[in-house]
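Trainee: I am attaching a structure below and will ask some questions about it afterwards.
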Amino acid sequence: MAEIRSVGVVGGGQMGSGIAQLAAVSGLEVWLHDSDSTVLSKARESISSRIQSIVSKGLLSKEKGAEAVRNLKCSSNLEDFRSVDIVIEAIVESEEVKKKLFGQLDNIVKGSAILASNTSSISITRLASATSRPSQVIGMHFMNPPPVMKLVEIIRGADTSDDTFSTTKFLAERFGKMIVCSQDFPGFIVNRILMPMINEAFHALYTGVATKEDIDAGMKLGTNHPMGPLELADHIGLDVCFSIMKVLHAGLGDSKYAPCPLLVQYVDAGRLGRKKGVGVYKYS
Ligand code: CAA
Ligand code: NAD
């Protein structure tokens, strides 16, 4: 098993910033990159303020908090990832864009480095095919928000080595997470089950079964979920939900996975959820 001292995170959005926070608080050097420099500076601010809040709640010493903030290095240049031991990719949920990035990273990072993807649904085997190191490519799927949710799903591609698996599992445990392992099929475990439920909630709204408030309250109170499915879709991002449904539909070939027309319409209208201030609900 390889020792991890330095982590690269690509994508500083909701997931990447949370993953970078976990790595920094775990005492690792973290390089965070995003193609959008505004996102990168916002990510630095939000990670620092979340670390301050953990310190002020007494969950981390002042010294460890200051060390965690120092551990975080933001860079607009991927070449800075040369010496990292593992990269965790958390960019847009598009196979084409992810493959391009994996090809670039393969040429930049050292030969021993692992390339992990936080993809919600896309084949790890196919992402690995864009690199010359398929045995060192793996799925490391955090849940949103990463600092809070207890689970990491680990997905081995067709050629992922035992060593890559053990190192990734050990890192997730260092972050304080529980592990489940999934075969490399569309949506893995969690999204194979969660996304059809969310899509069905959109169908219920689309066909007038109930109001959005009643659909959410029904599932929240009736099944003890912390959020209703439409509220959860806004939390995840409607663009992410749509991309995952497309992968399920294409990969599993059953019309039951077709994205609901209302979900598609919201995405077309730019109503992407909480991150845009409007999705199924409006946020001030
Ligand atoms: N980053 C870091 N910490 C966050 C956070 C964020 N984005 N959002 C909330 N928190 C922290 C808060 O600081 C707070 O911490 P303390 O308890 O230490 O004070 C804690 O989480 C609870 O937050 P709040 O009191 O503000 O709100 P809440 O009690 O309503 O909990 C929630 C918020 C944790 C998001 C909760 O509503 C929840 O669990 N919702 C369901 C989330 C879920 O199902 N996620 C998985 C989605 S599926 C997925 O991620 C896979 C995929 O590929 C799409
Ligand atoms: P997001 O839109 O919040 O952030 C994505 C970031 O990636 C953006 O800041 C964007 O500027 C950046 N980016 C896009 N292309 C890039 C590139 N080529 N190079 C560098 N940066 C690039 O998205 P998110 O919700 O954080 O999702 C990121 C990944 O995590 C997706 O694969 C998604 O499926 C997965 N995921 C999302 C959730 C969720 O609930 N949102 C949960 C688990 C996994």
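Ordering of the structure tokens sets the chain letters (A, B, ...); residue numbers start at 1 within each chain; ligands are numbered from 1 in the order shown.
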Find the residues around Met245 in chain A up to 10 Å (only C-alpha atoms counted), leave out those fewer than 2 positions away in its own chain, and share them as a list in words.
Mentor: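 Answer for this query is Ser121, Pro186, Gly187, Asn191, Arg192, Met195, Pro196, Ile198, Asn199, Asp239, Val240, Cys241, Phe242, Ser243, Val247, Leu248, His249, Ala250, Gly251, Lys256, Tyr257, Ala258, Pro259 and Cys260 of chain A.
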Trainee: Residues of the last selection are to be written out with C-alpha atoms, as a PDB file, in the first residue's frame.
Mentor:
```pdb
ATOM      1  CA  SER A 121     -22.317   7.455 -12.306  1.00  0.00           C
ATOM      2  CA  PRO A 186     -23.985   2.924 -14.101  1.00  0.00           C
ATOM      3  CA  GLY A 187     -24.750   4.910 -10.927  1.00  0.00           C
ATOM      4  CA  ASN A 191     -27.329   6.695  -7.375  1.00  0.00           C
ATOM      5  CA  ARG A 192     -28.720   3.525  -9.000  1.00  0.00           C
ATOM      6  CA  MET A 195     -31.786   8.966  -8.695  1.00  0.00           C
ATOM      7  CA  PRO A 196     -34.809   6.984  -9.957  1.00  0.00           C
ATOM      8  CA  ILE A 198     -35.716  11.715  -7.351  1.00  0.00           C
ATOM      9  CA  ASN A 199     -36.744  11.368 -11.015  1.00  0.00           C
ATOM     10  CA  ASP A 239     -27.688  19.425 -13.755  1.00  0.00           C
ATOM     11  CA  VAL A 240     -25.952  16.633 -11.806  1.00  0.00           C
ATOM     12  CA  CYS A 241     -29.272  14.718 -11.410  1.00  0.00           C
ATOM     13  CA  PHE A 242     -29.955  15.076 -15.154  1.00  0.00           C
ATOM     14  CA  SER A 243     -26.449  13.868 -16.099  1.00  0.00           C
ATOM     15  CA  VAL A 247     -25.936   7.713 -17.781  1.00  0.00           C
ATOM     16  CA  LEU A 248     -28.442   5.292 -16.170  1.00  0.00           C
ATOM     17  CA  HIS A 249     -30.725   5.486 -19.225  1.00  0.00           C
ATOM     18  CA  ALA A 250     -27.924   4.969 -21.765  1.00  0.00           C
ATOM     19  CA  GLY A 251     -26.082   2.323 -19.741  1.00  0.00           C
ATOM     20  CA  LYS A 256     -37.820   3.683 -16.807  1.00  0.00           C
ATOM     21  CA  TYR A 257     -34.548   5.619 -16.436  1.00  0.00           C
ATOM     22  CA  ALA A 258     -35.472   8.355 -18.960  1.00  0.00           C
ATOM     23  CA  PRO A 259     -35.052  11.788 -17.317  1.00  0.00           C
ATOM     24  CA  CYS A 260     -38.445  13.346 -16.471  1.00  0.00           C
TER      25      CYS A 260
END
```
Trainee: Enumerate as a PyMOL selection string the residues within 8 Å of ligand 2, counting only C-alpha atoms and all ligand atoms.
Mentor: chain A and resi 10-17+33-36+39-40+89-94+97-98+100-101+117-121+141-145+235-237+240-241+243-244+275
Trainee: Would you write out those residues with C-alpha atoms, as a PDB file, in the first residue's frame?
Mentor:
```
ATOM      1  CA  VAL A  10      -9.569  19.000  -9.393  1.00  0.00           C
ATOM      2  CA  GLY A  11     -12.838  20.935  -9.267  1.00  0.00           C
ATOM      3  CA  GLY A  12     -13.507  23.430  -6.473  1.00  0.00           C
ATOM      4  CA  GLY A  13     -17.329  23.284  -6.558  1.00  0.00           C
ATOM      5  CA  GLN A  14     -19.561  21.806  -3.858  1.00  0.00           C
ATOM      6  CA  MET A  15     -17.842  18.402  -3.858  1.00  0.00           C
ATOM      7  CA  GLY A  16     -14.226  19.346  -4.595  1.00  0.00           C
ATOM      8  CA  SER A  17     -14.136  22.050  -1.902  1.00  0.00           C
ATOM      9  CA  HIS A  33      -7.405  23.329  -8.916  1.00  0.00           C
ATOM     10  CA  ASP A  34     -10.427  24.666 -10.799  1.00  0.00           C
ATOM     11  CA  SER A  35     -10.536  25.990 -14.361  1.00  0.00           C
ATOM     12  CA  ASP A  36     -12.531  28.960 -13.007  1.00  0.00           C
ATOM     13  CA  VAL A  39     -14.527  29.364  -7.993  1.00  0.00           C
ATOM     14  CA  LEU A  40     -11.023  28.722  -6.686  1.00  0.00           C
ATOM     15  CA  GLU A  89     -11.268  14.526  -9.648  1.00  0.00           C
ATOM     16  CA  ALA A  90     -14.556  16.358  -8.919  1.00  0.00           C
ATOM     17  CA  ILE A  91     -15.331  18.294 -12.108  1.00  0.00           C
ATOM     18  CA  VAL A  92     -18.496  18.356 -14.217  1.00  0.00           C
ATOM     19  CA  GLU A  93     -20.340  14.998 -14.671  1.00  0.00           C
ATOM     20  CA  SER A  94     -19.389  14.507 -18.329  1.00  0.00           C
ATOM     21  CA  VAL A  97     -14.640  16.254 -20.176  1.00  0.00           C
ATOM     22  CA  LYS A  98     -13.459  13.840 -17.464  1.00  0.00           C
ATOM     23  CA  LYS A 100      -9.805  14.712 -21.386  1.00  0.00           C
ATOM     24  CA  LEU A 101      -8.730  15.681 -17.854  1.00  0.00           C
ATOM     25  CA  SER A 117     -12.799  10.051  -9.677  1.00  0.00           C
ATOM     26  CA  ASN A 118     -15.685  11.328  -7.569  1.00  0.00           C
ATOM     27  CA  THR A 119     -18.025  10.612 -10.485  1.00  0.00           C
ATOM     28  CA  SER A 120     -21.641   9.903  -9.502  1.00  0.00           C
ATOM     29  CA  SER A 121     -22.317   7.455 -12.306  1.00  0.00           C
ATOM     30  CA  HIS A 141     -17.442   8.598  -4.555  1.00  0.00           C
ATOM     31  CA  PHE A 142     -18.144  11.006  -1.689  1.00  0.00           C
ATOM     32  CA  MET A 143     -21.650  12.078  -0.713  1.00  0.00           C
ATOM     33  CA  ASN A 144     -22.782  15.697  -0.507  1.00  0.00           C
ATOM     34  CA  PRO A 145     -21.727  17.475   1.704  1.00  0.00           C
ATOM     35  CA  HIS A 235     -29.092  20.324  -2.888  1.00  0.00           C
ATOM     36  CA  ILE A 236     -27.318  17.970  -5.332  1.00  0.00           C
ATOM     37  CA  GLY A 237     -27.817  20.195  -8.408  1.00  0.00           C
ATOM     38  CA  VAL A 240     -25.952  16.633 -11.806  1.00  0.00           C
ATOM     39  CA  CYS A 241     -29.272  14.718 -11.410  1.00  0.00           C
ATOM     40  CA  SER A 243     -26.449  13.868 -16.099  1.00  0.00           C
ATOM     41  CA  ILE A 244     -26.773  10.834 -13.811  1.00  0.00           C
ATOM     42  CA  LYS A 275     -26.087  26.687  -6.181  1.00  0.00           C
TER      43      LYS A 275
END
```
Trainee: For Lys150 in chain A, work out the shell of residues within 8 Å, counting only C-alpha atoms and skipping chain neighbours fewer than 4 positions away, then give it as an MDAnalysis selection string.
Mentor: chainID A and resid 143 146 176:178
Trainee: Name the residues of range 73-240 of chain A that come out as helix (DSSP H, G or I) in a backbone DSSP run; write them as JSON, numbers by chain.
Mentor: {"A": [78, 79, 80, 81, 82, 83, 95, 96, 97, 98, 99, 100, 101, 102, 103, 104, 105, 106, 107, 108, 124, 125, 126, 127, 128, 134, 135, 136, 162, 163, 164, 165, 166, 167, 168, 169, 170, 171, 172, 173, 174, 190, 191, 192, 193, 194, 195, 196, 197, 198, 199, 200, 201, 202, 203, 204, 205, 206, 212, 213, 214, 215, 216, 217, 218, 219, 220, 221, 222, 223, 229, 230, 231, 232, 233, 234, 235, 236, 238, 239, 240]}
Trainee: Would you put the residues from that selection into a file with C-alpha atoms, as an mmCIF file, in the first residue's frame?
Mentor:
```
data_model
loop_
_atom_site.group_PDB
_atom_site.id
_atom_site.type_symbol
_atom_site.label_atom_id
_atom_site.label_comp_id
_atom_site.auth_asym_id
_atom_site.auth_seq_id
_atom_site.Cartn_x
_atom_site.Cartn_y
_atom_site.Cartn_z
ATOM 1 C CA LEU A 78 -2.444 21.696 -13.168
ATOM 2 C CA GLU A 79 1.346 21.372 -13.562
ATOM 3 C CA ASP A 80 1.519 22.011 -9.785
ATOM 4 C CA PHE A 81 0.113 18.476 -9.331
ATOM 5 C CA ARG A 82 3.469 16.909 -10.366
ATOM 6 C CA SER A 83 4.326 15.613 -6.895
ATOM 7 C CA GLU A 95 -17.507 11.465 -19.599
ATOM 8 C CA GLU A 96 -15.915 13.435 -22.421
ATOM 9 C CA VAL A 97 -14.640 16.254 -20.176
ATOM 10 C CA LYS A 98 -13.459 13.840 -17.464
ATOM 11 C CA LYS A 99 -11.597 11.660 -20.008
ATOM 12 C CA LYS A 100 -9.805 14.712 -21.386
ATOM 13 C CA LEU A 101 -8.730 15.681 -17.854
ATOM 14 C CA PHE A 102 -7.608 12.117 -17.015
ATOM 15 C CA GLY A 103 -5.445 12.113 -20.169
ATOM 16 C CA GLN A 104 -3.865 15.444 -19.130
ATOM 17 C CA LEU A 105 -3.295 14.316 -15.527
ATOM 18 C CA ASP A 106 -1.711 11.077 -16.736
ATOM 19 C CA ASN A 107 0.975 13.159 -18.464
ATOM 20 C CA ILE A 108 1.558 15.457 -15.469
ATOM 21 C CA ILE A 124 -14.391 4.001 -14.081
ATOM 22 C CA THR A 125 -13.152 1.490 -16.667
ATOM 23 C CA ARG A 126 -13.854 3.993 -19.438
ATOM 24 C CA LEU A 127 -12.186 6.882 -17.560
ATOM 25 C CA ALA A 128 -9.166 4.606 -17.004
ATOM 26 C CA PRO A 134 -5.615 1.788 -15.694
ATOM 27 C CA SER A 135 -4.440 -0.235 -12.662
ATOM 28 C CA GLN A 136 -4.109 3.088 -10.761
ATOM 29 C CA ASP A 162 -5.440 -4.418 -5.167
ATOM 30 C CA ASP A 163 -2.807 -1.903 -4.110
ATOM 31 C CA THR A 164 -4.772 1.049 -5.561
ATOM 32 C CA PHE A 165 -7.900 -0.238 -3.820
ATOM 33 C CA SER A 166 -6.169 -0.622 -0.408
ATOM 34 C CA THR A 167 -4.542 2.811 -0.589
ATOM 35 C CA THR A 168 -7.846 4.489 -1.523
ATOM 36 C CA LYS A 169 -9.781 2.644 1.188
ATOM 37 C CA PHE A 170 -7.163 3.626 3.776
ATOM 38 C CA LEU A 171 -7.388 7.281 2.687
ATOM 39 C CA ALA A 172 -11.204 7.289 2.946
ATOM 40 C CA GLU A 173 -10.895 5.817 6.443
ATOM 41 C CA ARG A 174 -8.349 8.480 7.363
ATOM 42 C CA VAL A 190 -26.333 4.890 -4.198
ATOM 43 C CA ASN A 191 -27.329 6.695 -7.375
ATOM 44 C CA ARG A 192 -28.720 3.525 -9.000
ATOM 45 C CA ILE A 193 -31.359 3.640 -6.263
ATOM 46 C CA LEU A 194 -31.540 7.322 -5.249
ATOM 47 C CA MET A 195 -31.786 8.966 -8.695
ATOM 48 C CA PRO A 196 -34.809 6.984 -9.957
ATOM 49 C CA MET A 197 -36.550 8.050 -6.725
ATOM 50 C CA ILE A 198 -35.716 11.715 -7.351
ATOM 51 C CA ASN A 199 -36.744 11.368 -11.015
ATOM 52 C CA GLU A 200 -40.050 9.812 -9.885
ATOM 53 C CA ALA A 201 -40.633 12.777 -7.561
ATOM 54 C CA PHE A 202 -40.286 15.043 -10.629
ATOM 55 C CA HIS A 203 -42.841 12.826 -12.452
ATOM 56 C CA ALA A 204 -45.210 13.151 -9.476
ATOM 57 C CA LEU A 205 -44.874 16.945 -9.659
ATOM 58 C CA TYR A 206 -45.091 16.956 -13.497
ATOM 59 C CA LYS A 212 -43.765 20.173 -4.389
ATOM 60 C CA GLU A 213 -44.186 20.917 -0.684
ATOM 61 C CA ASP A 214 -46.462 17.908 -0.138
ATOM 62 C CA ILE A 215 -44.210 15.560 -2.157
ATOM 63 C CA ASP A 216 -41.238 16.582 0.003
ATOM 64 C CA ALA A 217 -43.152 16.553 3.291
ATOM 65 C CA GLY A 218 -44.628 13.146 2.405
ATOM 66 C CA MET A 219 -41.205 11.572 1.884
ATOM 67 C CA LYS A 220 -39.518 13.463 4.722
ATOM 68 C CA LEU A 221 -42.090 12.664 7.380
ATOM 69 C CA GLY A 222 -43.369 9.428 5.894
ATOM 70 C CA THR A 223 -40.000 7.737 5.406
ATOM 71 C CA PRO A 229 -36.544 14.284 -2.883
ATOM 72 C CA LEU A 230 -37.134 17.637 -4.633
ATOM 73 C CA GLU A 231 -35.277 19.552 -1.927
ATOM 74 C CA LEU A 232 -32.497 16.956 -2.214
ATOM 75 C CA ALA A 233 -32.371 17.452 -6.009
ATOM 76 C CA ASP A 234 -31.845 21.190 -5.398
ATOM 77 C CA HIS A 235 -29.092 20.324 -2.888
ATOM 78 C CA ILE A 236 -27.318 17.970 -5.332
ATOM 79 C CA LEU A 238 -30.424 19.531 -11.092
ATOM 80 C CA ASP A 239 -27.688 19.425 -13.755
ATOM 81 C CA VAL A 240 -25.952 16.633 -11.806
#
```
Trainee: Tell me, which residues of range 99-187 of chain A carry DSSP strand (DSSP E), written as a ChimeraX atom specification?
Mentor: /A:114-117,137-142,151-156,178-182
Trainee: Mind writing the picked residues with C-alpha atoms as an mmCIF file, in the first residue's frame?
Mentor:
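What ended up in part-v1.cif:
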```cif
data_model
loop_
_atom_site.group_PDB
_atom_site.id
_atom_site.type_symbol
_atom_site.label_atom_id
_atom_site.label_comp_id
_atom_site.auth_asym_id
_atom_site.auth_seq_id
_atom_site.Cartn_x
_atom_site.Cartn_y
_atom_site.Cartn_z
ATOM 1 C CA ILE A 114 -3.405 7.227 -8.227
ATOM 2 C CA LEU A 115 -6.129 8.931 -10.295
ATOM 3 C CA ALA A 116 -9.457 8.751 -8.447
ATOM 4 C CA SER A 117 -12.799 10.051 -9.677
ATOM 5 C CA VAL A 137 -7.537 4.489 -11.628
ATOM 6 C CA ILE A 138 -10.439 4.104 -9.176
ATOM 7 C CA GLY A 139 -13.819 5.549 -8.206
ATOM 8 C CA MET A 140 -13.883 7.356 -4.840
ATOM 9 C CA HIS A 141 -17.442 8.598 -4.555
ATOM 10 C CA PHE A 142 -18.144 11.006 -1.689
ATOM 11 C CA LEU A 151 -20.097 7.260 3.262
ATOM 12 C CA VAL A 152 -17.557 6.829 0.487
ATOM 13 C CA GLU A 153 -18.398 4.373 -2.284
ATOM 14 C CA ILE A 154 -15.352 2.736 -3.819
ATOM 15 C CA ILE A 155 -15.553 1.476 -7.379
ATOM 16 C CA ARG A 156 -12.884 -0.631 -9.002
ATOM 17 C CA MET A 178 -17.297 4.249 6.105
ATOM 18 C CA ILE A 179 -16.737 2.346 2.885
ATOM 19 C CA VAL A 180 -18.992 0.384 0.583
ATOM 20 C CA CYS A 181 -17.721 -1.255 -2.608
ATOM 21 C CA SER A 182 -19.626 -1.278 -5.862
#
```
Trainee: So what do you get for atom 42 (C, counted along the ligand's line) of ligand 1 versus CA of Gly228 in chain A, distance-wise?
Mentor: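 Computing the Euclidean distance for atom 42 (C, counted along the ligand's line) of ligand 1 and CA of Gly228 in chain A yields 9.7 Å.
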Trainee: Taking only C-alpha atoms into account, which of A:Phe185, A:Met227, A:Ser49, A:Val267 comes nearest Leu252 in chain A?
Mentor: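 Result for the nearest residue to Leu252 in chain A: A:Phe185.
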Trainee: Neighbours of range 70-76 of chain A within 12 Å (only C-alpha atoms; same-chain residues fewer than 6 positions away dropped), as a PyMOL selection string?
Mentor: chain A and resi 5-12+16-17+19-45+47-48+51+63-64+84
